[in-house]
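J.: Let me give you the structure first, and then I'll get to my questions.
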Amino acid sequence: MPVSPNQGSTGGGDAVALTGSHFTGTTAVRYGARKAASFTVVSDTTTATVTPSGNGAAPVSVTTPGGTGVVGTFYYLPPPTFRITSPPAGSLVGGNTVILTGLNLYTTSEVRFGTQAAAFTVDSDSQLTVAVPAAASAGPVTITVRTRGGIADTVTYTYLDPPSLTVVTLDSGPVGGGNLVVITGTGFSYTTGVTFDGTPVTSFRIASDTEIDALVPAGALGPADVSITTLGGTTTATNAYTYLGSFAVLGGASVTNTGATSVTGDLGVSPGVSVTGFPPGQITGTIHITDAAATAAHADLVATYNNAAAQIPDASISGDIGGLTLTPGVYNAASSIGLTGTLTLDAQGDRNARWIFQIGSTLTTATASGVLLVNGAMARNIIWQIGSSGTLGTDSILAGRFLAAISITVTTGVTVNGQTLARDGSVTLDTNTITRPW
């Protein structure tokens with residue numbers, strides 16, 4: 001080829017070799033009407049030149065004492081322009097494919113992400129398919145495309161660290177799902193999926209790089225792993241969420257009721273077979289008598305009771321705990337506990353704050369006693385693990401999950417925001433309001 005290469009930038013500055021004959025004594029080289037930026041006669045058959053700026057197809061002429069002759073044509077190419085199709089981000093390991101679309105890409109000779117060269121395919125003058133190279137650290141880098149027409153480097157690509165998951169709030173809810181939780185952490189901007197024990201959430205919203213709001217899917221009773229997948233990778237928080245049962249009242253031997261009790265949630269018995277007093281009692285839920293649901297609930301009660309009893313205490317309590325204000329923790333009583341007046345539970349702004357009361361023998365609440373929840377405290381996060389039996393006093397207003405080894409007696413007018421669950425014996429109700437707290 002007498003002009004090599006025969007294509008280059010409109011801005012000039014390209015090194016071009018001319019081949020022919022009788023170049024000795026050359027006095028001028030022109031690209032169209034413009035003089036070459038420089039030229040050097042290498043031999044009688046070769047001249048090295050640097051192109052001036054120009055446009056379109058330019059005849060290349062050489063002038064010597066013997067005259068002027070055209071040795072070929074040089075084609076000025078406009079510089080490339082491009083943009084990256086969404087998403088302009090990915091993991092540090094690279095390997096994903098991105099599409100660059102634009103103009104004047106046909107002569108692309110190099111694509112770089114920062115300093116890293118990328119493999120690419122020229123699909124057409126308006127499209128490149130590029131395999132993203134790996135990177136050493138997270139952050140934005142410049143994508144550079146080099147063609148014979150010039151360089152374009154105004155587009156960025158962001159390498160992402162894998163996400164991190166700090167906490168799920170609230171971190172428990174019904175096995176049927178459908179409740180809203182807030183997931184906090186880092187690196188959420190490019191989230192593509194959220195799962196609970198491998199099941200995709202019903203829906204999710206990326207509120208910010210540090211927050212995802214999600215509707216929990218249905219799941220199996222017990223703890224569940226929560227996974228976040230982003231363009232930067234996947235992270236899993238083990239046992240970050242707990243699926244809770246649907247029962248508000250459960251007896252091991254029987255459930256009996258007197259009066260206009262209202263139960264929101266399921267009511268059941270297992271392994272016993274006796275449920276009486278409904279009606280007049282009313283249930284917003286289902287009665288289960290030693291069926292699969294009741295059997296599973298009883299097994300969960302046993303496991304939850306044993307787990308609560310096994311926790312290492314943070315503090316000891318004794319006598320009557322009315323009038324106290326307690327922050328989250330595990331509180332242990334060697335024998336019986338009473339509650340007269342009001343017990344205040346202060347979550348200190350943590351909606352996942354938990355209390356476990358390990359009571360060696362009985363729990364007795366006095367008439368008109370109460371549990372007051374403040375600063376984000378939630379009834380679902382309070383467990384009363386009662387070593388023998390519990391008696392909830394007349395007109396008490398109580399909160400938490402009452403788990404008794406033997407029996408629970410809920411006297412007249414008691415309101416429970418929580419559960420009354422008796423492992424081995426009976427739950428006795430009398431004109432009460434019991435609402436499952438999820």
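Numbering starts fresh at 1 for the residues of each chain in the structure tokens, the chains themselves are lettered A, B, ... in the order given, and ligands are numbered from 1 as they appear.
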Need to verify the contact set: Val181 in chain A, 8 Å, only C-alpha atoms, exclusion of same-chain residues closer than 5 positions in sequence. Can you return it as number ranges by chain?

T.: A: 168-171, 213-216

J.: As a tab-separated table (two decimals) with all heavy atoms, in the first residue's frame, please: the residues near Leu77 in chain A (cut-off 8 Å, only C-alpha atoms, same-chain neighbours under 4 positions excluded).

T.:
chain	number	residue	atom	x	y	z
A	7	GLN	N	-5.66	5.53	6.87
A	7	GLN	CA	-6.74	6.12	7.64
A	7	GLN	C	-6.16	6.73	8.92
A	7	GLN	O	-5.18	6.23	9.48
A	7	GLN	CB	-7.79	5.08	8.03
A	7	GLN	CG	-8.50	4.44	6.86
A	7	GLN	CD	-9.41	3.30	7.32
A	7	GLN	OE1	-9.04	2.53	8.19
A	7	GLN	NE2	-10.58	3.22	6.71
A	8	GLY	N	-6.80	7.80	9.40
A	8	GLY	CA	-6.32	8.40	10.62
A	8	GLY	C	-7.22	9.51	11.11
A	8	GLY	O	-8.29	9.78	10.55
A	9	SER	N	-6.78	10.17	12.18
A	9	SER	CA	-7.60	11.15	12.87
A	9	SER	C	-7.73	12.45	12.11
A	9	SER	O	-6.78	12.91	11.46
A	9	SER	CB	-6.97	11.43	14.24
A	9	SER	OG	-7.58	12.54	14.84
A	10	THR	N	-8.89	13.09	12.22
A	10	THR	CA	-9.10	14.41	11.63
A	10	THR	C	-8.20	15.45	12.30
A	10	THR	O	-7.95	16.52	11.73
A	10	THR	CB	-10.57	14.85	11.76
A	10	THR	OG1	-10.93	14.82	13.14
A	10	THR	CG2	-11.48	13.94	10.96
A	55	ASN	N	-10.02	16.52	6.70
A	55	ASN	CA	-11.32	15.86	6.66
A	55	ASN	C	-11.48	15.10	5.36
A	55	ASN	O	-10.96	15.51	4.31
A	55	ASN	CB	-12.45	16.90	6.77
A	55	ASN	CG	-12.57	17.50	8.15
A	55	ASN	OD1	-13.08	16.89	9.06
A	55	ASN	ND2	-12.05	18.73	8.28
A	56	GLY	N	-12.23	14.00	5.46
A	56	GLY	CA	-12.58	13.25	4.27
A	56	GLY	C	-11.40	12.58	3.61
A	56	GLY	O	-10.39	12.27	4.25
A	104	ASN	N	-18.64	5.69	14.73
A	104	ASN	CA	-17.24	5.63	14.29
A	104	ASN	C	-16.42	4.63	15.10
A	104	ASN	O	-15.28	4.91	15.49
A	104	ASN	CB	-16.61	7.01	14.36
A	104	ASN	CG	-17.45	8.07	13.68
A	104	ASN	OD1	-17.91	7.87	12.56
A	104	ASN	ND2	-17.67	9.19	14.37
A	148	ARG	N	-8.80	4.44	14.72
A	148	ARG	CA	-7.91	5.20	13.83
A	148	ARG	C	-8.32	6.66	13.74
A	148	ARG	O	-7.53	7.52	13.35
A	148	ARG	CB	-7.90	4.57	12.44
A	148	ARG	CG	-7.22	3.20	12.40
A	148	ARG	CD	-7.20	2.63	11.02
A	148	ARG	NE	-6.62	1.29	11.01
A	148	ARG	CZ	-6.56	0.51	9.94
A	148	ARG	NH1	-7.07	0.94	8.78
A	148	ARG	NH2	-6.02	-0.68	10.01
A	149	GLY	N	-9.56	6.93	14.13
A	149	GLY	CA	-10.02	8.31	14.13
A	149	GLY	C	-9.73	9.07	15.40
A	149	GLY	O	-9.98	10.28	15.48

J.: By how many Å are CA of Gly178 in chain A and CA of Gly268 in chain A apart?

T.: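 One can read the CA of Gly178 in chain A to CA of Gly268 in chain A distance as 23.1 Å.
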
J.: Could you give me, as a list in words, the residues within 7 Å of Asp209 in chain A, counting only C-alpha atoms and dropping anything in the same chain fewer than 6 positions from it?

T.: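 What passes the distance filter is Thr186, Gly187, Phe188 and Ser189 of chain A.
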
J.: May I have the residues from that selection written out with C-alpha atoms, as a PDB file, in the first residue's frame?

T.:
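Saved the output as part-v1.pdb:
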ATOM      1  CA  THR A 186     -23.939  -1.249  52.341  1.00  0.00           C
ATOM      2  CA  GLY A 187     -23.582  -1.574  48.588  1.00  0.00           C
ATOM      3  CA  PHE A 188     -27.302  -1.918  47.795  1.00  0.00           C
ATOM      4  CA  SER A 189     -27.553   0.527  44.853  1.00  0.00           C
TER       5      SER A 189
END

J.: May I have all residues of range 75-263 of chain A that DSSP, computed from the backbone, assigns to strand (DSSP E), given as a ChimeraX atom specification?

T.: /A:75-77,81-84,89-91,97-103,110-113,116-117,119-124,127-131,139-147,150-160,164-169,172-174,180-186,191-196,199-200,203-208,211-215,222-230,233-244,247-251,254-258,262-263

J.: Could you list, as an NGL selection string, every residue within 7 Å of Val427 in chain A, counting only C-alpha atoms and ignoring same-chain residues fewer than 6 positions away?

T.: :A and (251 or 254-256 or 407-409)

J.: So the first atom is CA of Val273 in chain A and the second is CA of Ala292 in chain A; what is the distance between them in Å, to one decimal place?

T.: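 Computed distance, CA of Val273 in chain A to CA of Ala292 in chain A, equals 13.0 Å.
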
J.: Can you pull out the residues contacting range 347-361 of chain A? Cut-off 8 Å, using only C-alpha atoms, and skip same-chain residues under 5 positions away; I want them as a VMD selection string.

T.: chain A and resid 169 to 171 308 to 309 327 to 337 373 to 378 381 to 389

J.: Please determine, counting only C-alpha atoms, which residue among A:Ser91, A:Gln127, A:Thr284, A:Thr154 has the shortest atom-to-atom distance to Tyr106 in chain A.

T.: A:Gln127

J.: Report as a PyMOL selection string all protein, DNA and RNA residues lying within 8 Å of range 296-305 of chain A, evaluated on only C-alpha atoms, omitting residues in the same chain fewer than 3 positions from it.

T.: chain A and resi 221-222+245+247+250+252+270-271+292-293+308-309+385+403+421+423

J.: Those selected residues, please, written with N, CA, C and O atoms and delivered as a PDB file, in the first residue's frame.

T.:
ATOM      1  N   LEU A 221     -41.272 -22.422  59.520  1.00  0.00           N
ATOM      2  CA  LEU A 221     -41.131 -22.011  60.903  1.00  0.00           C
ATOM      3  C   LEU A 221     -39.669 -22.091  61.325  1.00  0.00           C
ATOM      4  O   LEU A 221     -38.979 -23.078  61.075  1.00  0.00           O
ATOM      5  N   GLY A 222     -39.184 -21.016  61.946  1.00  0.00           N
ATOM      6  CA  GLY A 222     -37.820 -21.024  62.454  1.00  0.00           C
ATOM      7  C   GLY A 222     -36.933 -20.004  61.766  1.00  0.00           C
ATOM      8  O   GLY A 222     -37.392 -19.154  61.012  1.00  0.00           O
ATOM      9  N   GLY A 245     -44.706 -18.675  64.368  1.00  0.00           N
ATOM     10  CA  GLY A 245     -45.938 -19.420  64.146  1.00  0.00           C
ATOM     11  C   GLY A 245     -47.182 -18.551  64.151  1.00  0.00           C
ATOM     12  O   GLY A 245     -47.156 -17.382  64.539  1.00  0.00           O
ATOM     13  N   PHE A 247     -49.939 -19.152  65.908  1.00  0.00           N
ATOM     14  CA  PHE A 247     -50.798 -19.385  67.071  1.00  0.00           C
ATOM     15  C   PHE A 247     -50.716 -18.240  68.078  1.00  0.00           C
ATOM     16  O   PHE A 247     -49.636 -17.767  68.423  1.00  0.00           O
ATOM     17  N   LEU A 250     -52.061 -21.734  72.606  1.00  0.00           N
ATOM     18  CA  LEU A 250     -51.786 -23.155  72.383  1.00  0.00           C
ATOM     19  C   LEU A 250     -51.654 -23.842  73.735  1.00  0.00           C
ATOM     20  O   LEU A 250     -50.915 -23.394  74.608  1.00  0.00           O
ATOM     21  N   GLY A 252     -51.002 -27.655  75.796  1.00  0.00           N
ATOM     22  CA  GLY A 252     -50.495 -29.006  75.615  1.00  0.00           C
ATOM     23  C   GLY A 252     -51.566 -30.044  75.869  1.00  0.00           C
ATOM     24  O   GLY A 252     -51.652 -31.052  75.166  1.00  0.00           O
ATOM     25  N   SER A 270     -52.206 -29.546  71.420  1.00  0.00           N
ATOM     26  CA  SER A 270     -51.435 -30.718  71.001  1.00  0.00           C
ATOM     27  C   SER A 270     -50.448 -31.020  72.123  1.00  0.00           C
ATOM     28  O   SER A 270     -49.810 -30.111  72.657  1.00  0.00           O
ATOM     29  N   PRO A 271     -50.342 -32.262  72.571  1.00  0.00           N
ATOM     30  CA  PRO A 271     -50.984 -33.466  72.017  1.00  0.00           C
ATOM     31  C   PRO A 271     -52.394 -33.725  72.554  1.00  0.00           C
ATOM     32  O   PRO A 271     -53.005 -34.743  72.212  1.00  0.00           O
ATOM     33  N   ALA A 292     -51.702 -31.348  61.949  1.00  0.00           N
ATOM     34  CA  ALA A 292     -50.306 -31.102  61.593  1.00  0.00           C
ATOM     35  C   ALA A 292     -49.840 -29.735  62.063  1.00  0.00           C
ATOM     36  O   ALA A 292     -48.704 -29.574  62.547  1.00  0.00           O
ATOM     37  N   ALA A 293     -50.701 -28.741  61.936  1.00  0.00           N
ATOM     38  CA  ALA A 293     -50.319 -27.388  62.343  1.00  0.00           C
ATOM     39  C   ALA A 293     -50.104 -27.310  63.848  1.00  0.00           C
ATOM     40  O   ALA A 293     -49.138 -26.694  64.329  1.00  0.00           O
ATOM     41  N   ALA A 308     -34.776 -20.518  75.023  1.00  0.00           N
ATOM     42  CA  ALA A 308     -34.828 -19.395  75.967  1.00  0.00           C
ATOM     43  C   ALA A 308     -34.212 -19.773  77.302  1.00  0.00           C
ATOM     44  O   ALA A 308     -33.475 -18.987  77.918  1.00  0.00           O
ATOM     45  N   ALA A 309     -34.496 -20.989  77.750  1.00  0.00           N
ATOM     46  CA  ALA A 309     -33.967 -21.437  79.040  1.00  0.00           C
ATOM     47  C   ALA A 309     -32.453 -21.599  79.005  1.00  0.00           C
ATOM     48  O   ALA A 309     -31.786 -21.505  80.047  1.00  0.00           O
ATOM     49  N   GLN A 385     -40.236 -17.152  79.823  1.00  0.00           N
ATOM     50  CA  GLN A 385     -40.026 -18.600  79.940  1.00  0.00           C
ATOM     51  C   GLN A 385     -40.300 -18.991  81.392  1.00  0.00           C
ATOM     52  O   GLN A 385     -39.524 -18.694  82.288  1.00  0.00           O
ATOM     53  N   LEU A 403     -44.568 -18.437  77.659  1.00  0.00           N
ATOM     54  CA  LEU A 403     -44.297 -19.856  77.417  1.00  0.00           C
ATOM     55  C   LEU A 403     -44.172 -20.554  78.769  1.00  0.00           C
ATOM     56  O   LEU A 403     -43.176 -20.368  79.480  1.00  0.00           O
ATOM     57  N   LEU A 421     -48.963 -19.762  75.698  1.00  0.00           N
ATOM     58  CA  LEU A 421     -48.629 -21.099  75.222  1.00  0.00           C
ATOM     59  C   LEU A 421     -48.222 -21.969  76.404  1.00  0.00           C
ATOM     60  O   LEU A 421     -47.272 -21.634  77.133  1.00  0.00           O
ATOM     61  N   ARG A 423     -46.901 -25.666  77.488  1.00  0.00           N
ATOM     62  CA  ARG A 423     -46.250 -26.830  76.873  1.00  0.00           C
ATOM     63  C   ARG A 423     -46.939 -28.147  77.231  1.00  0.00           C
ATOM     64  O   ARG A 423     -47.256 -28.938  76.338  1.00  0.00           O
TER      65      ARG A 423
END

J.: Please return, as number ranges by chain, all residues of range 215-379 of chain A that DSSP assigns to helix (DSSP H, G or I) on the basis of the backbone.

T.: A: 292-310, 379

J.: Could you check how far CA of Leu103 in chain A sits from CA of Phe82 in chain A, in Å to one decimal?

T.: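 Value for the CA of Leu103 in chain A-CA of Phe82 in chain A distance: 6.5 Å.
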